[in-house]
Amino acid sequence: MRLGVKLLLVVVAVVAAGVMIGFYVSHLTTLAGSPSYSVPVSGTKSHPVVNLEFQTVAAVGSKVSRNPDWVSYLVKTTSGWRRETVWDLPANATVHVTWLNFDGASGLRNPYYGLPQGIVGNQIRVDGKPARSIDPNDASHTFAVPALGIIVAAPGVADNAKNQCGYATYGCPMANAHRTIQFTFHTPAKGGHFRWQCFVPCAAGWVDGFGGPMQTIGYMDGFLNVKA
Amino acid sequence: MASQPTAATPPSDSTNHGLRVVAAWLVLSAIATPLVAIYVGPLIPPGNASVQGQGQVFDNQVMTSLVTPILCLMVVFFAYGLVRFHANRNEAILDGPPLRNDARVQLFWIVITMTMVLFLAGFGTFELLKDGSGGGQGPNPIASPSGHHPLQVQVIGQQWQFTYRYPSLHGLESNQLYLPANTEVELHVTSLDVIHSFWAVELGVKADANPGVDNVAYVETKNPTVFHVRCAELCGLWHGYMFNNGYVVSRGGFDAWAAKQEKIFASIKPFMNRAPDQGGAPYAHSYLPAPGGGPPPVRAG
Amino acid sequence: MTDVALAAPRQPLWRRLIGFNLLTGIVLGVGGWYVGWFGAHAIGTGGSLGFITEIDQNDLSVYLAYLGGVVGFLVGLGFLNYPFARLRGYPPSLREKETGGWTRYFGLCTDHKVVGIQYLWGIGLFFFIGGLNAMLIRTELLRPNHQVFPAGTYLTLVGMHGTMMMGMMTSGILGPFANYLVPIMIGARRMAFPRIEALTFWILMAAGAILTTTIFFGGFPTGWTGYAPLSNQANTGMDNYVLFFALVGISMTLLGLNMIATIVTMRAPGLTWTRLPIFVWGVLSTAVLMVLAAPVLIAVLSMEALDRTANTSFFIPQAGGSNYLYQNLFWVFGHPEVYILALPGFAIVLELLPVFARKPLWGYRLSVAGLLGVSLLSWFVWQHHLFVSGINGDLRPFYMLSTELISIPTGFTFLCGMMTLWRGRIRFTVPMLFCLAWFFNFLIGGLSGVYLSDTPSDVTTHGSFFSMAHFHYTIMGGLVFTFFAAIYYWLPKMTGWQLNERLAKIHFWTMFVFFNSTFAPLLAVGFLGQPRRVVTYPSGLQFLNDWVSVSAFCLGISMLIFLFNLVWSLGFVKKPAEANPWASRSIEFQLPSPVPVHNFERIPVFSSDPYGYGEGPPPQPIPAGAPAGSD
C-alpha cells in the first residue's frame with residue numbers, strides 16, 4: 001500500500017474511533033438521566049420562598065416514556081406537568097410542597113417510614129387535615145431526602161374510588177381521584193446535591209417492588225440541587 | 001549474527017554473593033521492622049474508637065511487622081541482583097552459570113513461608129475468636145466478647161437507607177445511629193430487600209445485611225466520637241449515597257437523645273406494634289418481606 | 001474433501017467478500033437478532049405468557065434476540081459448513097481456509113497461528129473499551145459529589161469495566177499466545193480441535209458485542225459479580241451481562257479442553273513432562289481451572305436467566321431461594337477465575353527470565369509444583385469473599401488458613417524466578433522490564449492480600465477500595481504487565497516485524513510509574529473508608545481520588561503510546577525481525593519469522609528442555625520447508 005493510502009486509513013480509523021467514543025459517552029451521560037428543572041423562587045434574597053408542586057401517577061403513558069406503565073413523579077413547571085425529577089432550589093429557602101397523589105396504596109415494607117420527619121413541625125396536612133403519621137398500609141409513595149432527614153409518606157387513593165387516573169401523559173387532571181399532601185421544609189444553608197427517592201415498594205412486578213422506575217432517575221428518584 | 005550467544009564461559013566469581021545479600025537483608029530488617037512496627041503500624045486504620053477497631057489495628061501492626069522483612073528481602077535482592085548481575089550494555093550475549101537447583105535453598109524457603117503462613121493463620125484465628133473483631137458472624141456467633149448484657153441494636157438495611165431499632169427502648173426506631181460510650185453493643189444486621197453491608201468505618205464494624213438473615217456483630221464502644229456509616233455492598237442506584245454519620249455519646253447524652261426520639265416516635269408506634277400480617281413490624285431478629293416482594297405483580301394500568 | 005480455498009484461483013476483492021466470512025456473519029447475526037426479538041414478542045403478547053411483557057420489560061426477547069444473533073453470526077462465519085459436508089458424505093478434514101491472504105483473518109480459519117493473531121486484536125479491542133470505561137469512572141470520581149454520569153450509568157460503567165476485563169482477559173494469554181505458541185512449543189502442526197479453537201474466538205467476539213450493547217438496554221447495576229437478588233431487580237441490560245458471561249464461560253470451557261487435549265496427546269517425540277516449557281505447564285494448569293470452573297459459571301447464570309424470564313426463584317429469598325446460593329456458586333467459579341488470570345502471568349515470567357538472565361530455569365520441578373499447587377488450592381478459598389456475609393461463620397478460620405496457604409506455591413514462583421536471575425547476565429530488554437515489574441507489582445498485590453486474608457483485618461478492608469487496589473495489583477500488575485511482556489517478546493515472531501524499542505521503553509516506564517501511582521493511593525483510600533463502586537465519597541478523600549484519577553489518565557495515555565507504537569511499527573516502518581532476536585533456545589525462535597503455515601516440515605524430536613543456557617552450543621535453526629502434506 002502507498003504511504004498516502006495508509007495515512008488516510010489511520011486518519012479514518014482515528015476519526016471513526018473518536019466518533020464512536022463520542023457517541024458512547026454522550027449516550028451514557030444522557031442514559032436514564034433527567035434534565036434539571038429550576039423551581040421559580042419568590043420571597044427575599046436572604047429568605048427565599050419556593051412553592052413546589054408535584055404529583056405521583058401510577059402510569060406515565062407512552063408519549064412521555066418508552067415505559068408507559070411505569071409509576072412516576074411529575075413536577076409542575078411553567079409549561080405544565082413534566083416528568084423531571086432533578087430540581088434546582090435555592091439554599092436556606094422555605095419550600096412549601098403541594099403533593100397530589102393519584103396512585104393507589106402499596107403499603108410500606110418498613111412501617112417506620114409512615115412517620116413524617118425532617119419537615120417543619122414534623123407534621124403534614126392530608127386533604128387539609130393535619131397528621132403526625134400515616135398508616136403504613138395506606139402508604140402509596142414517599143418523598144424522602146435521607147441526607148436532609150426528610151421523610152414524608154403519602155396515603156393512596158382508595159381501591160374502589162371512582163374516576164381513577166389512567167395514563168397520566170402530561171399530568172392527571174384534578175377531576176381524577178387523588179389525595180393532597182402539604183408540608184414545608186427548609187433547604188440547608190450550604191449547597192449540595194441531595195438525592196431523593198421513594199421508599200414504598202411501588203414498582204409492581206419487580207422483585208421487592210424496587211426495580212425499573214424505582215432505580216431510574218426521572219421516575220421515582222431524583223436530586224435536589226441546592227444552590228448556595 | 002550478533003545475537004548468537006557465545007559458548008558458555010561462566011566468568012570465575014568467588015565472591016560469596018549470598019552471604020552479602022543475607023547480611024544486608026538482616027541489617028535492613030533489623031532496622032526497618034521495629035521502626036515500622038512502632039511508628040507505622042499504629043497509624044493503620046480503623047483506629048481506636050472501639051475495642052474491636054483497636055484489635056484490628058493490633059492485627060495490622062503485627063502483619064505489617066511481618067511483611068516488612070519480606071519487603072526488605074525483595075528490595076535487597078533486586079537492588080543487589082540487578083546491579084551486580086546485569087550484562088554490560090554492548091556486551092555480546094554471554095550465558096551465565098548453568099545453576100539448575102539447590103535443595104537447601106528450596107527447603108529453607110518452604111520452611112520459612114510455611115512457618116509464616118501457619119503463624120498468620122493461628123494468630124488471625126486467635127484474634128478473631130477473642131471478640132469477633134467487629135465482623136458479621138451470622139445468626140450463631142462463635143466469638144462473643146463476654147458475659148455482660150450488651151445493648152442490642154438492630155440495623156435494618158433497605159434500598160437505600162439504614163434504620164436502627166433499639167429493643168431496649170421499647171422498640172424505638174430511628175434513622176440516626178446513637179450509641180452510648182464504653183458499652184458493649186450487639187448489632188443484629190438484616191435487610192428488607194437486596195444485600196447491603198453495614199460498615200461503621202471508624203468502629204471497625206462490617207456485616208452484610210441479607211434478607212431474612214440475622215447477622216450478628218459485636219462492638220465495644222470507647223470514648224464519645226463521630227463515625228461514618230457506609231453501605232459496602234453494591235445495592236443498586238443509590239448505593240453510593242447510602243451513608244450517614246453515627247455518634248458515640250456519653251450515657252447522659254444517649255438517654256437525652258432516646259427521650260427526644262421516643263417522643264417523635266410515639267405517633268408511629270401503634271402502627272409498628274401491630275401484628276406482622278397487619279403490616280406492623282414488632283421487634284424480630286430478621287425480616288423477610290412477603291413472597292413476591294410486596295404488591296402482586298399485576299398492576300392496573 | 002479437497003480444500004476449496006486452496007484449490008480456488010485468486011478472485012477479485014468483491015467476489016471474496018461474498019461467502020462465509022465476518023461480513024456475512026454480521027449480516028446473519030443482525031438478522032438472527034431480529035428473528036429472536038420479534039419471535040419472543042409474538043410469544044409474549046400472543047399467548048399465555050403475557051406476564052412477560054406486563055412491566056414493559058421483556059427479558060425473554062432480549063435472550064432470544066441475542067441467541068438468534070449468535071447463531072446467525074456463527075452460521076455466517078461458516079461453522080455449520082463442515083458438519084453439513086460430513087452429513088452429505090464428504091471425507092473428514094481438519095483444515096479450513098488456512099490460505100488466502102489477509103482475508104483469512106476475517107473468518108473461520110483453523111490455522112492456530114491465525115487464530116492467535118485474531119485473538120490478539122480481538123481481545124485488544126475489548127481491552128481498550130474496558131480501559132475507556134475505567135477512564136470514565138475516574139472522571140466521575142474527580143469530584144466527591146458531582147454527577148458527570150447519572151448514578152445508574154456510573155454503576156453500568158463500573159459493571160462494564162469489571163465484566164469486560166474479567167471476561168475477556170481470562171483468555172488474554174491463553175487466547176493469543178497459547179493458541180499461537182503451544183502447538184509450536186510441543187512440536188505439533190495444529191491444535192487438537194482446530195475448528196473448536198476458531199469457535200472459542202468467534203464466540204468471545206459475539207459475547208463482547210453483547211456486553212457493549214447493554215447500554216441500549218439500560219445497563220446493569222450489579223458490577224461484575226452480578227449478585228442476586230439485585231440482579232433479579234435489574235433492567236433488561238442485566239440480560240446482556242448474563243449472556244456475555246455465559247458465552248465467555250462456554251468459550252473458556254472449550255478453550256481449556258482444547259489446550260488439555262493438545263498438550264496431553266500431541267507432544268512431539270522426546271518431549272517428556274519434565275522437558276515441557278514452563279509456559280506450557282502454566283497453560284495446562286490454567287486450562288484445568290477453566291474446564292472445571294467455567295461450567296459452574298454457566299450453571300449459575302442459567303439459573304439467573306430462569307429467574308429473570310421464567311419466574312423461578314433460585315436466588316430470591318422471599319420466594320424460598322437463597323442469595324447465598326448465588327454467592328457460593330459465583331465464587332466457586334470466581335476464585336479459580338482470578339487464578340485463571342494470574343497463572344499465565346506466572347508462566348510467562350518464568351518462561352522469559354531464563355532467556356534474559358542467560359541461565360537455565362532454576363528449580364523446574366518446584367516451579368511446576370508452584371503452578372499446580374496454586375491451581376489446586378484455588379478451589380478451597382472461595383468463602384473468603386463471604387467473611388462478613390452472615391453465612392455460618394464457623395469455617396472462617398479454615399478459609400483464612402487455605403487463603404494464606406496459597407502464598408506458599410506462589411512463593412515457589414517467586415523463588416524460582418529470583419534464583420534464575422541470581423548470578424545471571426541480566427539484559428534489560430523491554431520484555432524483561434515487564435517481567436521485573438511483575439515481581440514488584442505481584443509483591444505488593446500479595447502483601448496486601450495478607451491483610452485481606454486475615455479475617456479480623458478483612459472486616460475493615462472487605463469490599464473497600466483496598467480490595468479493589470489489591471486485585472488490580474495482582475491482575476493488572478500480574479496479568480496485564482506479563483501480557484505486554486509477551487507481546488514485546490513474541491510479536492516480532494508472530495508478525496515478522498520489529499516494534500520500536502524506544503517507544504516500547506517509554507511505554508514501559510510510563511505504565512509502571514502511573515500504574516503504581518494509580519493503585520498505591522487506593523490502598524489508603526480503602527482503609528480510610530471508601531467502599532467500592534460508590535459514586536460519592538467524603539470530601540476529605542478528594543485529594544487522593546484526584547491524584548488517582550490524574551494518574552489513571554496518564555496510564556491511559558501510556559496505553560495510547562503502545563497503540564501508536566503498534567500502528568507505527570507494524571503499519572509504516574515494517575522493519576523485518578530476525579528469526580531469533582533474543583538468542584532464545586525455545587523452539588519457536590528456531591523457526592523463521594513469521595512461522596510457516598504448518599510450522600514444521602518434519603516433526604522435531606526433543607532431547608532437552610529449552611533452558612540449557614550455558615550448557616552447550618545453541619540449537620540449530622529449523623529451515624523453512626514446504627507445507628506438510630498431512631498431519
# chains A, B, ... in the order shown; residues from 1 in each chain; ligands from 1
$ interface_residues --of "chain A" --to "chain B" --cutoff "8 Å" --atoms "only C-alpha atoms" --output "ChimeraX atom specification"
/A:58-59,69,106-112,114-115,132-137,146-147,149,166-167,195,199,201-202,204-210,215-216
$ write_last_selection --atoms "C-alpha atoms" --output "mmCIF file, in the first residue's frame"
data_model
loop_
_atom_site.group_PDB
_atom_site.id
_atom_site.type_symbol
_atom_site.label_atom_id
_atom_site.label_comp_id
_atom_site.auth_asym_id
_atom_site.auth_seq_id
_atom_site.Cartn_x
_atom_site.Cartn_y
_atom_site.Cartn_z
ATOM 1 C CA ALA A 58 -49.498 5.127 38.516
ATOM 2 C CA ALA A 59 -48.514 5.097 34.838
ATOM 3 C CA ASP A 69 -46.657 1.563 32.546
ATOM 4 C CA SER A 106 -48.971 -0.364 48.046
ATOM 5 C CA GLY A 107 -48.049 -0.380 51.725
ATOM 6 C CA LEU A 108 -44.650 0.231 53.288
ATOM 7 C CA ARG A 109 -42.205 -2.578 53.850
ATOM 8 C CA ASN A 110 -40.826 -0.816 56.905
ATOM 9 C CA PRO A 111 -43.753 0.886 58.686
ATOM 10 C CA TYR A 112 -41.298 3.368 60.192
ATOM 11 C CA GLY A 114 -45.066 6.349 57.862
ATOM 12 C CA LEU A 115 -43.602 8.852 60.345
ATOM 13 C CA ARG A 132 -48.441 13.262 62.519
ATOM 14 C CA SER A 133 -48.305 9.827 60.951
ATOM 15 C CA ILE A 134 -49.652 7.808 58.050
ATOM 16 C CA ASP A 135 -50.981 4.284 58.367
ATOM 17 C CA PRO A 136 -48.096 2.365 56.730
ATOM 18 C CA ASN A 137 -50.562 0.065 54.971
ATOM 19 C CA PRO A 146 -32.152 10.945 53.530
ATOM 20 C CA ALA A 147 -29.229 13.374 53.720
ATOM 21 C CA GLY A 149 -33.514 13.700 57.216
ATOM 22 C CA GLY A 166 -55.145 6.042 33.961
ATOM 23 C CA TYR A 167 -52.155 7.003 31.848
ATOM 24 C CA ARG A 195 -30.756 12.612 46.213
ATOM 25 C CA PHE A 199 -39.319 4.084 49.909
ATOM 26 C CA PRO A 201 -42.042 -0.824 47.073
ATOM 27 C CA CYS A 202 -44.271 0.558 44.359
ATOM 28 C CA ALA A 204 -45.012 -3.677 40.894
ATOM 29 C CA GLY A 205 -43.775 -6.716 39.052
ATOM 30 C CA TRP A 206 -40.156 -6.350 40.090
ATOM 31 C CA VAL A 207 -38.521 -8.296 42.895
ATOM 32 C CA ASP A 208 -39.107 -6.410 46.158
ATOM 33 C CA GLY A 209 -41.014 -3.811 44.148
ATOM 34 C CA PHE A 210 -37.754 -1.934 43.647
ATOM 35 C CA GLN A 215 -33.959 2.601 40.120
ATOM 36 C CA THR A 216 -34.224 5.146 37.335
#
$ closest_atom_pairs --of "chain A" --to "chain C" --cutoff "9 Å" --atoms "only C-alpha atoms" --output "CSV"
residue,atom,partner,partner_atom,distance
A:Leu3,CA,C:Phe572,CA,7.7
A:Lys6,CA,C:Gly571,CA,7.7
A:Leu7,CA,C:Phe572,CA,8.9
A:Val10,CA,C:Val567,CA,8.5
A:Ile21,CA,C:Leu132,CA,8.6
A:Tyr24,CA,C:Ile215,CA,8.7
A:Val25,CA,C:Leu136,CA,8.4
A:His27,CA,C:Ile215,CA,8.1
A:Leu28,CA,C:Thr153,CA,6.4
A:Thr29,CA,C:Phe149,CA,4.9
A:Thr30,CA,C:Pro150,CA,7.6
A:Leu31,CA,C:Thr153,CA,6.7
A:Ala32,CA,C:Pro150,CA,7.1
A:Gly33,CA,C:Pro150,CA,5.7
A:Ser34,CA,C:Pro150,CA,8.5
A:Arg66,CA,C:Asp56,CA,8.5
A:Asn67,CA,C:Asp56,CA,5.7
A:Pro68,CA,C:Asp56,CA,7.5
A:Asp69,CA,C:Asp56,CA,6.7
A:Trp70,CA,C:Ile55,CA,7.6
A:Gly192,CA,C:Asn145,CA,8.0
A:His193,CA,C:Asn145,CA,6.9
A:Ala203,CA,C:Ile55,CA,8.9
A:Ala204,CA,C:Ile55,CA,7.8
A:Gly205,CA,C:Ile55,CA,6.2
A:Trp206,CA,C:Gln233,CA,5.7
A:Val207,CA,C:Gln233,CA,5.3
A:Asp208,CA,C:Gln233,CA,7.7
A:Gly209,CA,C:Gln233,CA,8.2
A:Phe210,CA,C:Gln233,CA,6.7
A:Gly211,CA,C:Gln233,CA,4.7
A:Gly212,CA,C:Asn235,CA,6.2
A:Gln215,CA,C:Gly152,CA,7.4
A:Thr216,CA,C:Gly152,CA,7.0
A:Ile217,CA,C:Pro150,CA,7.7
$ residues_around --residues "range 368-384 of chain C" --least-positions-apart "5" --cutoff "7 Å" --atoms "only C-alpha atoms" --output "ChimeraX atom specification"
/C:281-282,285,289,331-332,335-336,343,399-400,402-403,406,409-410,412-413,453
$ residues_around --residues "range 85-90 of chain A" --least-positions-apart "4" --cutoff "6 Å" --atoms "only C-alpha atoms" --output "list of chain:residue names"
A:Ser36, A:Tyr37, A:Ser38, A:Gly218, A:Gly222, A:Phe223, A:Leu224, A:Asn225, A:Val226, A:Lys227
$ write_last_selection --atoms "C-alpha atoms" --output "CSV table (one decimal), in the first residue's frame"
chain,number,residue,atom,x,y,z
A,36,SER,CA,-32.9,19.6,35.8
A,37,TYR,CA,-35.8,22.0,36.5
A,38,SER,CA,-35.3,25.3,38.2
A,218,GLY,CA,-36.6,10.7,36.2
A,222,GLY,CA,-34.2,12.5,41.7
A,223,PHE,CA,-31.9,15.2,43.1
A,224,LEU,CA,-32.4,18.4,44.9
A,225,ASN,CA,-29.7,20.6,43.6
A,226,VAL,CA,-29.4,23.2,46.4
A,227,LYS,CA,-27.6,26.2,45.2
$ closest_residue --among "B:Asp208, B:Asp131, B:Glu262, B:Glu184" --to "chain C" --atoms "only C-alpha atoms"
B:Asp208
$ interface_residues --of "chain C" --to "chain B" --cutoff "7 Å" --atoms "only C-alpha atoms" --output "ChimeraX atom specification"
/C:151-152,221-222,229-230,317-319,358-363,388-394,397,400-401,404-405,408,422-427,447,454-457,459-460,463-464,527-529,531-536,581-583,613-617
$ residues_around --residues "range 258-262 of chain C" --least-positions-apart "2" --cutoff "9 Å" --atoms "only C-alpha atoms" --output "list in words"
Leu174, Ala178, Asn179, Val182, Pro183, Ile186, Ala188, Arg190, Met191, Ala192, Phe193, Pro194, Ile196, Glu197, Thr253, Leu254, Leu255, Gly256, Val264, Thr265, Met266, Arg267, Val283, Leu284, Ser285, Ala287 and Val288 of chain C
$ write_last_selection --atoms "N, CA and C atoms" --output "CSV table (one decimal), in the first residue's frame"
chain,number,residue,atom,x,y,z
C,174,LEU,N,-4.1,-17.0,27.2
C,174,LEU,CA,-4.4,-18.3,26.5
C,174,LEU,C,-4.9,-18.1,25.1
C,178,ALA,N,-1.2,-18.8,23.9
C,178,ALA,CA,-1.2,-20.2,24.0
C,178,ALA,C,-1.7,-20.8,22.7
C,179,ASN,N,-2.7,-20.2,22.0
C,179,ASN,CA,-3.1,-20.8,20.7
C,179,ASN,C,-2.0,-20.7,19.7
C,182,VAL,N,1.6,-22.9,21.8
C,182,VAL,CA,1.6,-24.2,22.4
C,182,VAL,C,1.8,-25.3,21.3
C,183,PRO,N,1.1,-25.2,20.2
C,183,PRO,CA,1.5,-26.3,19.2
C,183,PRO,C,2.9,-26.2,18.8
C,186,ILE,N,5.3,-27.6,21.5
C,186,ILE,CA,5.2,-29.0,21.8
C,186,ILE,C,5.5,-29.8,20.5
C,188,ALA,N,4.0,-29.6,17.4
C,188,ALA,CA,2.9,-30.1,16.6
C,188,ALA,C,2.6,-29.1,15.5
C,190,ARG,N,-0.7,-28.3,14.7
C,190,ARG,CA,-2.1,-27.7,14.9
C,190,ARG,C,-2.5,-28.0,16.3
C,191,MET,N,-3.7,-27.4,16.7
C,191,MET,CA,-4.3,-27.8,17.9
C,191,MET,C,-5.0,-29.1,17.7
C,192,ALA,N,-5.4,-29.7,18.9
C,192,ALA,CA,-6.2,-31.0,18.8
C,192,ALA,C,-7.5,-30.8,18.0
C,193,PHE,N,-8.2,-29.7,18.3
C,193,PHE,CA,-9.5,-29.5,17.7
C,193,PHE,C,-9.5,-28.1,17.0
C,194,PRO,N,-9.0,-28.0,15.8
C,194,PRO,CA,-8.8,-26.7,15.2
C,194,PRO,C,-10.1,-25.9,15.0
C,196,ILE,N,-12.9,-26.1,16.9
C,196,ILE,CA,-13.3,-25.6,18.2
C,196,ILE,C,-12.4,-24.4,18.6
C,197,GLU,N,-11.1,-24.5,18.2
C,197,GLU,CA,-10.2,-23.4,18.5
C,197,GLU,C,-10.8,-22.1,17.9
C,253,THR,N,-14.5,-22.9,28.5
C,253,THR,CA,-14.5,-24.4,28.7
C,253,THR,C,-13.9,-25.1,27.4
C,254,LEU,N,-14.4,-24.6,26.3
C,254,LEU,CA,-13.9,-25.2,25.0
C,254,LEU,C,-12.4,-25.0,24.8
C,255,LEU,N,-12.0,-23.7,25.2
C,255,LEU,CA,-10.5,-23.4,25.0
C,255,LEU,C,-9.7,-24.3,25.9
C,256,GLY,N,-10.2,-24.4,27.2
C,256,GLY,CA,-9.4,-25.2,28.2
C,256,GLY,C,-9.3,-26.7,27.7
C,264,VAL,N,-1.7,-32.9,26.2
C,264,VAL,CA,-1.6,-34.3,26.6
C,264,VAL,C,-1.2,-35.2,25.5
C,265,THR,N,-1.9,-35.0,24.3
C,265,THR,CA,-1.8,-36.0,23.3
C,265,THR,C,-0.8,-35.7,22.1
C,266,MET,N,-0.5,-34.4,22.0
C,266,MET,CA,0.2,-34.1,20.7
C,266,MET,C,1.6,-33.7,20.9
C,267,ARG,N,2.2,-34.0,22.0
C,267,ARG,CA,3.6,-33.6,22.2
C,267,ARG,C,4.5,-34.5,21.2
C,283,VAL,N,0.0,-23.0,31.0
C,283,VAL,CA,-1.3,-23.1,30.2
C,283,VAL,C,-2.1,-24.3,30.6
C,284,LEU,N,-1.4,-25.4,30.9
C,284,LEU,CA,-2.1,-26.6,31.3
C,284,LEU,C,-2.8,-26.4,32.6
C,285,SER,N,-2.1,-25.8,33.6
C,285,SER,CA,-2.8,-25.6,34.9
C,285,SER,C,-3.9,-24.6,34.8
C,287,ALA,N,-5.7,-24.2,32.0
C,287,ALA,CA,-6.8,-24.9,31.3
C,287,ALA,C,-7.6,-25.8,32.2
C,288,VAL,N,-6.9,-26.5,33.1
C,288,VAL,CA,-7.6,-27.3,34.0
C,288,VAL,C,-8.6,-26.5,34.8
$ select_by_dssp --residues "range 22-225 of chain A" --states "strand (DSSP E)" --output "ChimeraX atom specification"
/A:36-38,41-43,48-57,72-77,80-82,86-90,94-101,124-126,129-131,139-145,150-155,179-186,192-197,221-225
$ select_by_dssp --residues "range 138-274 of chain B" --states "alpha helix (DSSP H)" --output "list of chain:residue names"
B:Arg251, B:Gly252, B:Gly253, B:Phe254, B:Asp255, B:Ala256, B:Trp257, B:Ala258, B:Ala259, B:Lys260, B:Gln261, B:Glu262, B:Lys263, B:Ile264, B:Phe265, B:Lys269, B:Pro270, B:Phe271, B:Met272
$ residues_around --residues "Pro594 in chain C" --least-positions-apart "5" --cutoff "12 Å" --atoms "only C-alpha atoms" --output "list in words"
Lys113, Val114, Ile117, Tyr180, Trp490, Leu491, Pro492, Lys493, Met494, Thr495, Gly496, Trp497, Gln498, Pro576, Ala577, Glu578, Ala579, Asn580, Glu588, Phe589, Asn599 and Ala624 of chain C
$ decode --residues "range 269-282 of chain B" --atoms "N, CA and C atoms" --output "mmCIF file, in the first residue's frame"
data_model
loop_
_atom_site.group_PDB
_atom_site.id
_atom_site.type_symbol
_atom_site.label_atom_id
_atom_site.label_comp_id
_atom_site.auth_asym_id
_atom_site.auth_seq_id
_atom_site.Cartn_x
_atom_site.Cartn_y
_atom_site.Cartn_z
ATOM 1 N N LYS B 269 -45.740 4.594 66.675
ATOM 2 C CA LYS B 269 -45.574 3.381 67.474
ATOM 3 C C LYS B 269 -46.775 2.424 67.392
ATOM 4 N N PRO B 270 -48.015 2.943 67.454
ATOM 5 C CA PRO B 270 -49.142 1.998 67.380
ATOM 6 C C PRO B 270 -49.116 1.168 66.101
ATOM 7 N N PHE B 271 -48.697 1.781 65.016
ATOM 8 C CA PHE B 271 -48.639 1.035 63.745
ATOM 9 C C PHE B 271 -47.517 0.002 63.755
ATOM 10 N N MET B 272 -46.407 0.353 64.413
ATOM 11 C CA MET B 272 -45.271 -0.576 64.464
ATOM 12 C C MET B 272 -45.631 -1.820 65.249
ATOM 13 N N ASN B 273 -46.487 -1.644 66.281
ATOM 14 C CA ASN B 273 -46.756 -2.767 67.182
ATOM 15 C C ASN B 273 -47.872 -3.677 66.704
ATOM 16 N N ARG B 274 -48.414 -3.417 65.531
ATOM 17 C CA ARG B 274 -49.426 -4.335 65.003
ATOM 18 C C ARG B 274 -48.789 -5.684 64.653
ATOM 19 N N ALA B 275 -49.627 -6.667 64.524
ATOM 20 C CA ALA B 275 -49.104 -7.988 64.145
ATOM 21 C C ALA B 275 -48.472 -7.893 62.753
ATOM 22 N N PRO B 276 -47.479 -8.733 62.489
ATOM 23 C CA PRO B 276 -46.800 -8.635 61.189
ATOM 24 C C PRO B 276 -47.753 -8.761 60.006
ATOM 25 N N ASP B 277 -48.758 -9.627 60.108
ATOM 26 C CA ASP B 277 -49.646 -9.782 58.955
ATOM 27 C C ASP B 277 -50.605 -8.599 58.824
ATOM 28 N N GLN B 278 -50.618 -7.720 59.825
ATOM 29 C CA GLN B 278 -51.414 -6.488 59.720
ATOM 30 C C GLN B 278 -50.554 -5.317 59.250
ATOM 31 N N GLY B 279 -49.318 -5.613 58.867
ATOM 32 C CA GLY B 279 -48.463 -4.541 58.363
ATOM 33 C C GLY B 279 -47.556 -3.949 59.412
ATOM 34 N N GLY B 280 -47.562 -4.494 60.615
ATOM 35 C CA GLY B 280 -46.680 -3.975 61.657
ATOM 36 C C GLY B 280 -45.327 -4.657 61.600
ATOM 37 N N ALA B 281 -44.418 -4.192 62.436
ATOM 38 C CA ALA B 281 -43.101 -4.813 62.482
ATOM 39 C C ALA B 281 -42.602 -4.848 63.918
ATOM 40 N N PRO B 282 -43.241 -5.637 64.802
ATOM 41 C CA PRO B 282 -42.716 -5.749 66.154
ATOM 42 C C PRO B 282 -41.318 -6.345 66.100
#
